[in-house]
>>> print(open('protein-v1.pdb').read())   # PDB, C-alpha atoms and all ligand atoms
ATOM      1  CA  MET A   1     -24.622  21.221  -1.231  1.00  0.00           C
ATOM      2  CA  ALA A   2     -26.058  19.951   2.055  1.00  0.00           C
ATOM      3  CA  THR A   3     -29.760  19.034   2.019  1.00  0.00           C
ATOM      4  CA  THR A   4     -32.298  21.363   3.615  1.00  0.00           C
ATOM      5  CA  LYS A   5     -34.760  18.470   4.050  1.00  0.00           C
ATOM      6  CA  PRO A   6     -34.702  16.621   7.383  1.00  0.00           C
ATOM      7  CA  TRP A   7     -32.088  13.875   7.229  1.00  0.00           C
ATOM      8  CA  VAL A   8     -30.871  10.929   9.308  1.00  0.00           C
ATOM      9  CA  CYS A   9     -27.619  10.864  11.276  1.00  0.00           C
ATOM     10  CA  ILE A  10     -26.171   7.339  11.535  1.00  0.00           C
ATOM     11  CA  VAL A  11     -23.482   6.878  14.185  1.00  0.00           C
ATOM     12  CA  MET A  12     -21.595   3.690  15.003  1.00  0.00           C
ATOM     13  CA  GLY A  13     -19.021   2.786  17.584  1.00  0.00           C
ATOM     14  CA  SER A  14     -16.329   1.489  15.234  1.00  0.00           C
ATOM     15  CA  ASP A  15     -15.532   0.983  11.577  1.00  0.00           C
ATOM     16  CA  SER A  16     -15.953  -2.738  12.305  1.00  0.00           C
ATOM     17  CA  ASP A  17     -19.702  -1.973  12.564  1.00  0.00           C
ATOM     18  CA  ALA A  18     -19.875  -0.463   9.069  1.00  0.00           C
ATOM     19  CA  GLU A  19     -20.875  -3.552   7.099  1.00  0.00           C
ATOM     20  CA  VAL A  20     -24.042  -4.117   9.147  1.00  0.00           C
ATOM     21  CA  MET A  21     -24.852  -0.428   9.603  1.00  0.00           C
ATOM     22  CA  SER A  22     -24.653   0.101   5.826  1.00  0.00           C
ATOM     23  CA  GLN A  23     -27.936  -1.805   5.629  1.00  0.00           C
ATOM     24  CA  ALA A  24     -29.580   1.286   7.161  1.00  0.00           C
ATOM     25  CA  CYS A  25     -28.016   3.388   4.385  1.00  0.00           C
ATOM     26  CA  ALA A  26     -29.344   0.961   1.757  1.00  0.00           C
ATOM     27  CA  ALA A  27     -32.898   1.234   3.116  1.00  0.00           C
ATOM     28  CA  LEU A  28     -32.680   5.036   3.210  1.00  0.00           C
ATOM     29  CA  ASP A  29     -31.235   5.128  -0.331  1.00  0.00           C
ATOM     30  CA  GLU A  30     -34.151   3.023  -1.594  1.00  0.00           C
ATOM     31  CA  LEU A  31     -36.598   5.426   0.048  1.00  0.00           C
ATOM     32  CA  GLY A  32     -34.822   8.581  -1.127  1.00  0.00           C
ATOM     33  CA  VAL A  33     -33.922   9.772   2.372  1.00  0.00           C
ATOM     34  CA  LYS A  34     -30.655  11.664   2.926  1.00  0.00           C
ATOM     35  CA  TYR A  35     -28.248  10.661   5.697  1.00  0.00           C
ATOM     36  CA  GLN A  36     -24.707  10.883   6.938  1.00  0.00           C
ATOM     37  CA  MET A  37     -22.860   7.977   8.535  1.00  0.00           C
ATOM     38  CA  VAL A  38     -19.908   8.491  10.891  1.00  0.00           C
ATOM     39  CA  VAL A  39     -17.937   6.653  13.583  1.00  0.00           C
ATOM     40  CA  ALA A  40     -18.008   8.054  17.119  1.00  0.00           C
ATOM     41  CA  SER A  41     -17.454   5.952  20.216  1.00  0.00           C
ATOM     42  CA  ALA A  42     -19.215   6.601  23.529  1.00  0.00           C
ATOM     43  CA  HIS A  43     -16.215   5.176  25.385  1.00  0.00           C
ATOM     44  CA  ARG A  44     -13.205   5.921  23.192  1.00  0.00           C
ATOM     45  CA  SER A  45     -14.224   9.378  21.939  1.00  0.00           C
ATOM     46  CA  PRO A  46     -16.947  10.893  24.143  1.00  0.00           C
ATOM     47  CA  GLU A  47     -16.136  14.458  23.064  1.00  0.00           C
ATOM     48  CA  ARG A  48     -16.424  13.521  19.387  1.00  0.00           C
ATOM     49  CA  THR A  49     -19.769  11.832  20.105  1.00  0.00           C
ATOM     50  CA  ARG A  50     -21.082  15.025  21.703  1.00  0.00           C
ATOM     51  CA  GLU A  51     -19.812  17.107  18.763  1.00  0.00           C
ATOM     52  CA  VAL A  52     -21.366  14.776  16.155  1.00  0.00           C
ATOM     53  CA  VAL A  53     -24.772  14.848  17.865  1.00  0.00           C
ATOM     54  CA  THR A  54     -24.904  18.577  18.576  1.00  0.00           C
ATOM     55  CA  SER A  55     -23.607  19.638  15.139  1.00  0.00           C
ATOM     56  CA  SER A  56     -25.896  17.159  13.340  1.00  0.00           C
ATOM     57  CA  GLU A  57     -28.905  18.419  15.269  1.00  0.00           C
ATOM     58  CA  ARG A  58     -27.955  22.000  14.407  1.00  0.00           C
ATOM     59  CA  GLU A  59     -27.634  21.040  10.722  1.00  0.00           C
ATOM     60  CA  GLY A  60     -31.056  19.406  10.487  1.00  0.00           C
ATOM     61  CA  ALA A  61     -30.695  15.750  11.499  1.00  0.00           C
ATOM     62  CA  ALA A  62     -34.257  14.828  12.485  1.00  0.00           C
ATOM     63  CA  VAL A  63     -33.629  11.214  13.542  1.00  0.00           C
ATOM     64  CA  PHE A  64     -30.517   9.474  14.856  1.00  0.00           C
ATOM     65  CA  ILE A  65     -29.587   5.842  14.323  1.00  0.00           C
ATOM     66  CA  ALA A  66     -26.844   4.574  16.631  1.00  0.00           C
ATOM     67  CA  GLY A  67     -25.277   1.118  16.350  1.00  0.00           C
ATOM     68  CA  ALA A  68     -22.801  -0.460  18.726  1.00  0.00           C
ATOM     69  CA  GLY A  69     -21.656  -3.828  19.964  1.00  0.00           C
ATOM     70  CA  MET A  70     -20.615  -5.260  23.340  1.00  0.00           C
ATOM     71  CA  ALA A  71     -21.062  -2.704  26.227  1.00  0.00           C
ATOM     72  CA  ALA A  72     -23.148  -0.663  23.817  1.00  0.00           C
ATOM     73  CA  HIS A  73     -23.622   2.712  25.461  1.00  0.00           C
ATOM     74  CA  LEU A  74     -23.515   4.776  22.259  1.00  0.00           C
ATOM     75  CA  PRO A  75     -27.281   4.866  21.503  1.00  0.00           C
ATOM     76  CA  GLY A  76     -28.073   5.860  25.094  1.00  0.00           C
ATOM     77  CA  VAL A  77     -25.390   8.542  25.112  1.00  0.00           C
ATOM     78  CA  VAL A  78     -26.686   9.909  21.784  1.00  0.00           C
ATOM     79  CA  ALA A  79     -30.199   9.969  23.303  1.00  0.00           C
ATOM     80  CA  SER A  80     -28.833  11.856  26.319  1.00  0.00           C
ATOM     81  CA  LEU A  81     -27.537  14.591  23.993  1.00  0.00           C
ATOM     82  CA  THR A  82     -30.651  15.181  21.859  1.00  0.00           C
ATOM     83  CA  ALA A  83     -34.426  15.186  22.270  1.00  0.00           C
ATOM     84  CA  ARG A  84     -34.834  13.956  18.670  1.00  0.00           C
ATOM     85  CA  PRO A  85     -35.784  10.283  18.176  1.00  0.00           C
ATOM     86  CA  VAL A  86     -32.925   7.789  18.535  1.00  0.00           C
ATOM     87  CA  ILE A  87     -33.037   4.267  17.115  1.00  0.00           C
ATOM     88  CA  GLY A  88     -30.536   1.825  18.596  1.00  0.00           C
ATOM     89  CA  VAL A  89     -29.030  -1.097  16.704  1.00  0.00           C
ATOM     90  CA  PRO A  90     -27.421  -3.810  18.871  1.00  0.00           C
ATOM     91  CA  LEU A  91     -24.534  -5.402  16.971  1.00  0.00           C
ATOM     92  CA  ALA A  92     -23.234  -8.941  17.297  1.00  0.00           C
ATOM     93  CA  GLY A  93     -19.634  -9.363  18.398  1.00  0.00           C
ATOM     94  CA  GLY A  94     -17.520 -10.459  21.329  1.00  0.00           C
ATOM     95  CA  ALA A  95     -18.300 -13.440  23.555  1.00  0.00           C
ATOM     96  CA  LEU A  96     -22.029 -12.687  23.891  1.00  0.00           C
ATOM     97  CA  GLN A  97     -22.814 -12.143  20.196  1.00  0.00           C
ATOM     98  CA  GLY A  98     -24.998  -9.085  20.592  1.00  0.00           C
ATOM     99  CA  VAL A  99     -27.098 -10.123  23.594  1.00  0.00           C
ATOM    100  CA  ASP A 100     -24.953  -7.810  25.715  1.00  0.00           C
ATOM    101  CA  ALA A 101     -25.511  -4.931  23.286  1.00  0.00           C
ATOM    102  CA  LEU A 102     -29.254  -5.663  23.105  1.00  0.00           C
ATOM    103  CA  TYR A 103     -29.646  -5.491  26.871  1.00  0.00           C
ATOM    104  CA  ALA A 104     -27.470  -2.379  27.107  1.00  0.00           C
ATOM    105  CA  ILE A 105     -29.484  -0.541  24.453  1.00  0.00           C
ATOM    106  CA  VAL A 106     -33.007  -1.659  25.287  1.00  0.00           C
ATOM    107  CA  GLN A 107     -32.870  -1.052  29.057  1.00  0.00           C
ATOM    108  CA  MET A 108     -32.921   2.733  29.033  1.00  0.00           C
ATOM    109  CA  PRO A 109     -34.107   4.572  32.137  1.00  0.00           C
ATOM    110  CA  PRO A 110     -37.476   6.373  32.017  1.00  0.00           C
ATOM    111  CA  GLY A 111     -37.134   9.772  30.359  1.00  0.00           C
ATOM    112  CA  ILE A 112     -34.404   8.918  27.820  1.00  0.00           C
ATOM    113  CA  PRO A 113     -35.907   6.433  25.331  1.00  0.00           C
ATOM    114  CA  VAL A 114     -34.062   4.552  22.606  1.00  0.00           C
ATOM    115  CA  ALA A 115     -36.209   2.654  20.075  1.00  0.00           C
ATOM    116  CA  THR A 116     -34.313  -0.618  19.859  1.00  0.00           C
ATOM    117  CA  VAL A 117     -34.384  -2.892  16.810  1.00  0.00           C
ATOM    118  CA  ALA A 118     -33.196  -6.512  16.565  1.00  0.00           C
ATOM    119  CA  ILE A 119     -29.560  -7.561  16.889  1.00  0.00           C
ATOM    120  CA  GLY A 120     -28.103  -6.590  13.513  1.00  0.00           C
ATOM    121  CA  GLY A 121     -31.414  -4.942  12.557  1.00  0.00           C
ATOM    122  CA  ALA A 122     -29.899  -1.959  10.757  1.00  0.00           C
ATOM    123  CA  ARG A 123     -32.263  -2.238   7.792  1.00  0.00           C
ATOM    124  CA  ASN A 124     -35.282  -1.913  10.049  1.00  0.00           C
ATOM    125  CA  ALA A 125     -33.606   1.043  11.760  1.00  0.00           C
ATOM    126  CA  GLY A 126     -33.406   2.764   8.367  1.00  0.00           C
ATOM    127  CA  ILE A 127     -37.039   1.987   7.569  1.00  0.00           C
ATOM    128  CA  LEU A 128     -38.190   3.145  11.014  1.00  0.00           C
ATOM    129  CA  ALA A 129     -36.263   6.401  10.626  1.00  0.00           C
ATOM    130  CA  ALA A 130     -37.988   6.927   7.270  1.00  0.00           C
ATOM    131  CA  GLN A 131     -41.370   6.206   8.865  1.00  0.00           C
ATOM    132  CA  ILE A 132     -40.695   8.907  11.463  1.00  0.00           C
ATOM    133  CA  LEU A 133     -39.727  11.404   8.749  1.00  0.00           C
ATOM    134  CA  ALA A 134     -42.790  10.384   6.708  1.00  0.00           C
ATOM    135  CA  THR A 135     -45.108  11.870   9.339  1.00  0.00           C
ATOM    136  CA  GLY A 136     -44.119  15.222   7.809  1.00  0.00           C
ATOM    137  CA  ASP A 137     -43.478  14.131   4.209  1.00  0.00           C
ATOM    138  CA  ALA A 138     -46.430  12.899   2.144  1.00  0.00           C
ATOM    139  CA  ASP A 139     -44.259  11.675  -0.777  1.00  0.00           C
ATOM    140  CA  LEU A 140     -42.129   9.574   1.546  1.00  0.00           C
ATOM    141  CA  ALA A 141     -45.285   8.183   3.179  1.00  0.00           C
ATOM    142  CA  THR A 142     -46.503   7.140  -0.287  1.00  0.00           C
ATOM    143  CA  ARG A 143     -43.193   5.390  -1.035  1.00  0.00           C
ATOM    144  CA  LEU A 144     -43.427   3.492   2.248  1.00  0.00           C
ATOM    145  CA  ARG A 145     -47.003   2.416   1.453  1.00  0.00           C
ATOM    146  CA  GLU A 146     -45.909   1.265  -2.021  1.00  0.00           C
ATOM    147  CA  ASP A 147     -43.159  -0.827  -0.418  1.00  0.00           C
ATOM    148  CA  ARG A 148     -45.735  -2.536   1.797  1.00  0.00           C
ATOM    149  CA  ILE A 149     -47.875  -3.341  -1.268  1.00  0.00           C
ATOM    150  CA  ALA A 150     -44.823  -4.774  -3.071  1.00  0.00           C
ATOM    151  CA  MET A 151     -43.927  -6.816   0.023  1.00  0.00           C
ATOM    152  CA  ALA A 152     -47.420  -8.301   0.201  1.00  0.00           C
ATOM    153  CA  ALA A 153     -47.254  -9.198  -3.508  1.00  0.00           C
ATOM    154  CA  ALA A 154     -43.873 -10.879  -2.930  1.00  0.00           C
ATOM    155  CA  VAL A 155     -45.386 -13.023  -0.161  1.00  0.00           C
ATOM    156  CA  ALA A 156     -48.091 -14.211  -2.567  1.00  0.00           C
ATOM    157  CA  GLN A 157     -45.348 -15.100  -5.093  1.00  0.00           C
ATOM    158  CA  LYS A 158     -43.386 -17.013  -2.442  1.00  0.00           C
ATOM    159  CA  SER A 159     -46.517 -18.944  -1.573  1.00  0.00           C
ATOM    160  CA  LYS A 160     -46.982 -19.930  -5.232  1.00  0.00           C
ATOM    161  CA  LYS A 161     -43.501 -21.537  -5.187  1.00  0.00           C
ATOM    162  CA  VAL A 162     -44.340 -23.912  -2.335  1.00  0.00           C
ATOM    163  CA  GLU A 163     -48.129 -24.286  -2.311  1.00  0.00           C
ATOM    164  CA  LYS A 164     -49.430 -27.862  -2.062  1.00  0.00           C
ATOM    165  CA  SER A 165     -52.827 -29.366  -1.386  1.00  0.00           C
ATOM    166  CA  THR A 166     -54.114 -32.923  -1.091  1.00  0.00           C
ATOM    167  CA  ARG A 167     -57.738 -32.072  -0.406  1.00  0.00           C
TER     168      ARG A 167
HETATM  169  C1  LIG B   1     -18.055  -1.305  20.174  1.00  0.00           C
HETATM  170  O1  LIG B   1     -17.072  -2.259  20.300  1.00  0.00           O
HETATM  171  C2  LIG B   1     -18.180  -1.050  18.702  1.00  0.00           C
HETATM  172  O2  LIG B   1     -19.472  -0.592  18.397  1.00  0.00           O
HETATM  173  C3  LIG B   1     -17.894  -2.389  18.092  1.00  0.00           C
HETATM  174  O3  LIG B   1     -19.095  -3.095  17.828  1.00  0.00           O
HETATM  175  C4  LIG B   1     -17.109  -3.101  19.171  1.00  0.00           C
HETATM  176  C5  LIG B   1     -15.712  -3.476  18.764  1.00  0.00           C
HETATM  177  O4  LIG B   1     -15.018  -2.345  18.273  1.00  0.00           O
HETATM  178  P1  LIG B   1     -13.574  -2.501  17.590  1.00  0.00           P
HETATM  179  O5  LIG B   1     -12.676  -3.102  18.616  1.00  0.00           O
HETATM  180  O6  LIG B   1     -13.774  -3.385  16.383  1.00  0.00           O
HETATM  181  O7  LIG B   1     -13.156  -1.112  17.202  1.00  0.00           O
HETATM  182  O8  LIG B   1     -17.758  -0.125  20.862  1.00  0.00           O
END
>>> encode(input="protein-v1.pdb", output="structure tokens")
Amino acid sequence: MATTKPWVCIVMGSDSDAEVMSQACAALDELGVKYQMVVASAHRSPERTREVVTSSEREGAAVFIAGAGMAAHLPGVVASLTARPVIGVPLAGGALQGVDALYAIVQMPPGIPVATVAIGGARNAGILAAQILATGDADLATRLREDRIAMAAAVAQKSKKVEKSTR
């Protein structure tokens, strides 16, 4: 049965993007956030893109993550179709290795924002989506805080492995 809790819609331009975009799924799985991941291309299937965004919004998608490579218009097109937050993931590929996608996604005109993560930054896109949902979900906010505490402890452990002093 479909979830009634707010969930995340992950869209990508091609199945060739799936390996990187699955890192967003992994982050959301770890945090207990529901999602759906589909392929819809801004250029090759504009009607499908519109249908995915409008039906997902109707069915409770609270945040969208959109990943694309090269002339990466998908995140901007998704943002044009919904007023819910959109996180864009520039993907490496083609001659320019993601710099083209980064510029395409990050340079949105005023009025239609896309929160852009690093090239290949799908994991951070998942975490950021969870952070947005956590503004209305105290349990999720607690899980995110616990992750930060664990991360800080891991840094201290990493330091122990390499610490040196000659003083
Ligand atoms: C973009 O073109 C996709 O997001 C993908 O990153 C890239 C190449 O797509 P394929 O030719 O592998 O389908 O639209």
>>> closest_residue(input="protein-v1.pdb", among="A:Ala122, A:Ala115, A:Leu74, A:Val20", to="Gly93 in chain A", atoms="all atoms listed in the file")
A:Val20
>>> resolve_selection(input="protein-v1.pdb", expression="the PyMOL selection byres (((not hetatm)) within 12 of (chain B and resi 1))", output="CSV table (one decimal) with C-alpha atoms, in the frame of the given file")
chain,number,residue,atom,x,y,z
A,11,VAL,CA,-23.5,6.9,14.2
A,12,MET,CA,-21.6,3.7,15.0
A,13,GLY,CA,-19.0,2.8,17.6
A,14,SER,CA,-16.3,1.5,15.2
A,15,ASP,CA,-15.5,1.0,11.6
A,16,SER,CA,-16.0,-2.7,12.3
A,17,ASP,CA,-19.7,-2.0,12.6
A,18,ALA,CA,-19.9,-0.5,9.1
A,19,GLU,CA,-20.9,-3.6,7.1
A,20,VAL,CA,-24.0,-4.1,9.1
A,21,MET,CA,-24.9,-0.4,9.6
A,38,VAL,CA,-19.9,8.5,10.9
A,39,VAL,CA,-17.9,6.7,13.6
A,40,ALA,CA,-18.0,8.1,17.1
A,41,SER,CA,-17.5,6.0,20.2
A,42,ALA,CA,-19.2,6.6,23.5
A,43,HIS,CA,-16.2,5.2,25.4
A,44,ARG,CA,-13.2,5.9,23.2
A,45,SER,CA,-14.2,9.4,21.9
A,46,PRO,CA,-16.9,10.9,24.1
A,66,ALA,CA,-26.8,4.6,16.6
A,67,GLY,CA,-25.3,1.1,16.4
A,68,ALA,CA,-22.8,-0.5,18.7
A,69,GLY,CA,-21.7,-3.8,20.0
A,70,MET,CA,-20.6,-5.3,23.3
A,71,ALA,CA,-21.1,-2.7,26.2
A,72,ALA,CA,-23.1,-0.7,23.8
A,73,HIS,CA,-23.6,2.7,25.5
A,74,LEU,CA,-23.5,4.8,22.3
A,75,PRO,CA,-27.3,4.9,21.5
A,88,GLY,CA,-30.5,1.8,18.6
A,89,VAL,CA,-29.0,-1.1,16.7
A,90,PRO,CA,-27.4,-3.8,18.9
A,91,LEU,CA,-24.5,-5.4,17.0
A,92,ALA,CA,-23.2,-8.9,17.3
A,93,GLY,CA,-19.6,-9.4,18.4
A,94,GLY,CA,-17.5,-10.5,21.3
A,95,ALA,CA,-18.3,-13.4,23.6
A,96,LEU,CA,-22.0,-12.7,23.9
A,97,GLN,CA,-22.8,-12.1,20.2
A,98,GLY,CA,-25.0,-9.1,20.6
A,100,ASP,CA,-25.0,-7.8,25.7
A,101,ALA,CA,-25.5,-4.9,23.3
A,102,LEU,CA,-29.3,-5.7,23.1
A,104,ALA,CA,-27.5,-2.4,27.1
A,105,ILE,CA,-29.5,-0.5,24.5
A,119,ILE,CA,-29.6,-7.6,16.9
A,120,GLY,CA,-28.1,-6.6,13.5
>>> closest_residue(input="protein-v1.pdb", among="A:Glu47, A:Gly76, A:Gln157, A:Leu31", to="Leu128 in chain A", atoms="all atoms listed in the file")
A:Leu31
>>> atom_distance(input="protein-v1.pdb", atom1="CA of Ala141 in chain A", atom2="CA of Ala125 in chain A")
16.2 Å
>>> residues_around(input="protein-v1.pdb", residues="Trp7 in chain A", least_positions_apart="2", cutoff="9 Å", atoms="all atoms listed in the file", output="list in words")
Thr3, Thr4, Lys5, Cys9, Val33, Lys34, Tyr35, Gln36, Gly60, Ala61, Ala62, Val63, Phe64 and Leu133 of chain A
>>> write_last_selection(input="protein-v1.pdb", atoms="C-alpha atoms", output="PDB file, in the coordinates of the input")
ATOM      1  CA  THR A   3     -29.760  19.034   2.019  1.00  0.00           C
ATOM      2  CA  THR A   4     -32.298  21.363   3.615  1.00  0.00           C
ATOM      3  CA  LYS A   5     -34.760  18.470   4.050  1.00  0.00           C
ATOM      4  CA  CYS A   9     -27.619  10.864  11.276  1.00  0.00           C
ATOM      5  CA  VAL A  33     -33.922   9.772   2.372  1.00  0.00           C
ATOM      6  CA  LYS A  34     -30.655  11.664   2.926  1.00  0.00           C
ATOM      7  CA  TYR A  35     -28.248  10.661   5.697  1.00  0.00           C
ATOM      8  CA  GLN A  36     -24.707  10.883   6.938  1.00  0.00           C
ATOM      9  CA  GLY A  60     -31.056  19.406  10.487  1.00  0.00           C
ATOM     10  CA  ALA A  61     -30.695  15.750  11.499  1.00  0.00           C
ATOM     11  CA  ALA A  62     -34.257  14.828  12.485  1.00  0.00           C
ATOM     12  CA  VAL A  63     -33.629  11.214  13.542  1.00  0.00           C
ATOM     13  CA  PHE A  64     -30.517   9.474  14.856  1.00  0.00           C
ATOM     14  CA  LEU A 133     -39.727  11.404   8.749  1.00  0.00           C
TER      15      LEU A 133
END
>>> decode(input="protein-v1.pdb", residues="range 54-74 of chain A", atoms="N, CA, C and O atoms", output="PDB file, in the first residue's frame")
ATOM      1  N   THR A  54       3.305  15.890 -11.923  1.00  0.00           N
ATOM      2  CA  THR A  54       1.949  16.252 -11.465  1.00  0.00           C
ATOM      3  C   THR A  54       1.302  15.092 -10.695  1.00  0.00           C
ATOM      4  O   THR A  54       0.674  15.299  -9.659  1.00  0.00           O
ATOM      5  N   SER A  55       1.504  13.852 -11.153  1.00  0.00           N
ATOM      6  CA  SER A  55       0.891  12.728 -10.426  1.00  0.00           C
ATOM      7  C   SER A  55       1.600  12.513  -9.088  1.00  0.00           C
ATOM      8  O   SER A  55       0.955  12.216  -8.079  1.00  0.00           O
ATOM      9  N   SER A  56       2.921  12.689  -9.051  1.00  0.00           N
ATOM     10  CA  SER A  56       3.643  12.514  -7.782  1.00  0.00           C
ATOM     11  C   SER A  56       3.209  13.568  -6.771  1.00  0.00           C
ATOM     12  O   SER A  56       2.999  13.260  -5.593  1.00  0.00           O
ATOM     13  N   GLU A  57       3.057  14.794  -7.237  1.00  0.00           N
ATOM     14  CA  GLU A  57       2.615  15.860  -6.329  1.00  0.00           C
ATOM     15  C   GLU A  57       1.225  15.517  -5.775  1.00  0.00           C
ATOM     16  O   GLU A  57       0.980  15.618  -4.576  1.00  0.00           O
ATOM     17  N   ARG A  58       0.359  15.071  -6.661  1.00  0.00           N
ATOM     18  CA  ARG A  58      -1.008  14.706  -6.243  1.00  0.00           C
ATOM     19  C   ARG A  58      -0.974  13.579  -5.214  1.00  0.00           C
ATOM     20  O   ARG A  58      -1.758  13.547  -4.285  1.00  0.00           O
ATOM     21  N   GLU A  59      -0.006  12.664  -5.353  1.00  0.00           N
ATOM     22  CA  GLU A  59       0.046  11.487  -4.473  1.00  0.00           C
ATOM     23  C   GLU A  59       0.914  11.697  -3.248  1.00  0.00           C
ATOM     24  O   GLU A  59       1.213  10.760  -2.522  1.00  0.00           O
ATOM     25  N   GLY A  60       1.363  12.932  -3.007  1.00  0.00           N
ATOM     26  CA  GLY A  60       2.014  13.227  -1.728  1.00  0.00           C
ATOM     27  C   GLY A  60       3.523  13.398  -1.752  1.00  0.00           C
ATOM     28  O   GLY A  60       4.154  13.463  -0.685  1.00  0.00           O
ATOM     29  N   ALA A  61       4.130  13.460  -2.928  1.00  0.00           N
ATOM     30  CA  ALA A  61       5.579  13.744  -2.971  1.00  0.00           C
ATOM     31  C   ALA A  61       5.799  15.164  -2.434  1.00  0.00           C
ATOM     32  O   ALA A  61       5.219  16.117  -2.945  1.00  0.00           O
ATOM     33  N   ALA A  62       6.619  15.273  -1.392  1.00  0.00           N
ATOM     34  CA  ALA A  62       6.808  16.580  -0.744  1.00  0.00           C
ATOM     35  C   ALA A  62       8.083  17.260  -1.226  1.00  0.00           C
ATOM     36  O   ALA A  62       8.220  18.477  -1.121  1.00  0.00           O
ATOM     37  N   VAL A  63       9.032  16.462  -1.719  1.00  0.00           N
ATOM     38  CA  VAL A  63      10.304  16.981  -2.226  1.00  0.00           C
ATOM     39  C   VAL A  63      10.641  16.188  -3.487  1.00  0.00           C
ATOM     40  O   VAL A  63      10.380  14.978  -3.553  1.00  0.00           O
ATOM     41  N   PHE A  64      11.217  16.873  -4.465  1.00  0.00           N
ATOM     42  CA  PHE A  64      11.683  16.209  -5.681  1.00  0.00           C
ATOM     43  C   PHE A  64      13.198  16.261  -5.737  1.00  0.00           C
ATOM     44  O   PHE A  64      13.806  17.285  -5.404  1.00  0.00           O
ATOM     45  N   ILE A  65      13.800  15.157  -6.170  1.00  0.00           N
ATOM     46  CA  ILE A  65      15.224  15.138  -6.491  1.00  0.00           C
ATOM     47  C   ILE A  65      15.298  14.819  -7.982  1.00  0.00           C
ATOM     48  O   ILE A  65      14.683  13.845  -8.442  1.00  0.00           O
ATOM     49  N   ALA A  66      16.025  15.648  -8.738  1.00  0.00           N
ATOM     50  CA  ALA A  66      16.135  15.402 -10.174  1.00  0.00           C
ATOM     51  C   ALA A  66      17.609  15.389 -10.571  1.00  0.00           C
ATOM     52  O   ALA A  66      18.341  16.342 -10.291  1.00  0.00           O
ATOM     53  N   GLY A  67      18.036  14.306 -11.204  1.00  0.00           N
ATOM     54  CA  GLY A  67      19.430  14.174 -11.628  1.00  0.00           C
ATOM     55  C   GLY A  67      19.505  14.049 -13.133  1.00  0.00           C
ATOM     56  O   GLY A  67      18.697  13.352 -13.752  1.00  0.00           O
ATOM     57  N   ALA A  68      20.471  14.743 -13.716  1.00  0.00           N
ATOM     58  CA  ALA A  68      20.673  14.639 -15.164  1.00  0.00           C
ATOM     59  C   ALA A  68      22.090  15.040 -15.505  1.00  0.00           C
ATOM     60  O   ALA A  68      22.751  15.770 -14.757  1.00  0.00           O
ATOM     61  N   GLY A  69      22.540  14.556 -16.662  1.00  0.00           N
ATOM     62  CA  GLY A  69      23.866  14.896 -17.144  1.00  0.00           C
ATOM     63  C   GLY A  69      23.782  15.725 -18.412  1.00  0.00           C
ATOM     64  O   GLY A  69      22.700  15.938 -18.971  1.00  0.00           O
ATOM     65  N   MET A  70      24.923  16.239 -18.836  1.00  0.00           N
ATOM     66  CA  MET A  70      25.068  17.011 -20.079  1.00  0.00           C
ATOM     67  C   MET A  70      24.177  18.269 -20.061  1.00  0.00           C
ATOM     68  O   MET A  70      24.245  19.037 -19.121  1.00  0.00           O
ATOM     69  N   ALA A  71      23.336  18.499 -21.107  1.00  0.00           N
ATOM     70  CA  ALA A  71      22.467  19.695 -21.127  1.00  0.00           C
ATOM     71  C   ALA A  71      21.300  19.422 -20.180  1.00  0.00           C
ATOM     72  O   ALA A  71      20.189  19.109 -20.594  1.00  0.00           O
ATOM     73  N   ALA A  72      21.579  19.574 -18.883  1.00  0.00           N
ATOM     74  CA  ALA A  72      20.726  18.988 -17.841  1.00  0.00           C
ATOM     75  C   ALA A  72      19.555  19.900 -17.492  1.00  0.00           C
ATOM     76  O   ALA A  72      19.563  20.592 -16.476  1.00  0.00           O
ATOM     77  N   HIS A  73      18.518  19.838 -18.296  1.00  0.00           N
ATOM     78  CA  HIS A  73      17.357  20.696 -18.067  1.00  0.00           C
ATOM     79  C   HIS A  73      16.310  20.063 -17.157  1.00  0.00           C
ATOM     80  O   HIS A  73      15.362  20.734 -16.738  1.00  0.00           O
ATOM     81  N   LEU A  74      16.470  18.770 -16.850  1.00  0.00           N
ATOM     82  CA  LEU A  74      15.408  18.078 -16.098  1.00  0.00           C
ATOM     83  C   LEU A  74      15.085  18.734 -14.751  1.00  0.00           C
ATOM     84  O   LEU A  74      13.903  18.980 -14.461  1.00  0.00           O
TER      85      LEU A  74
END
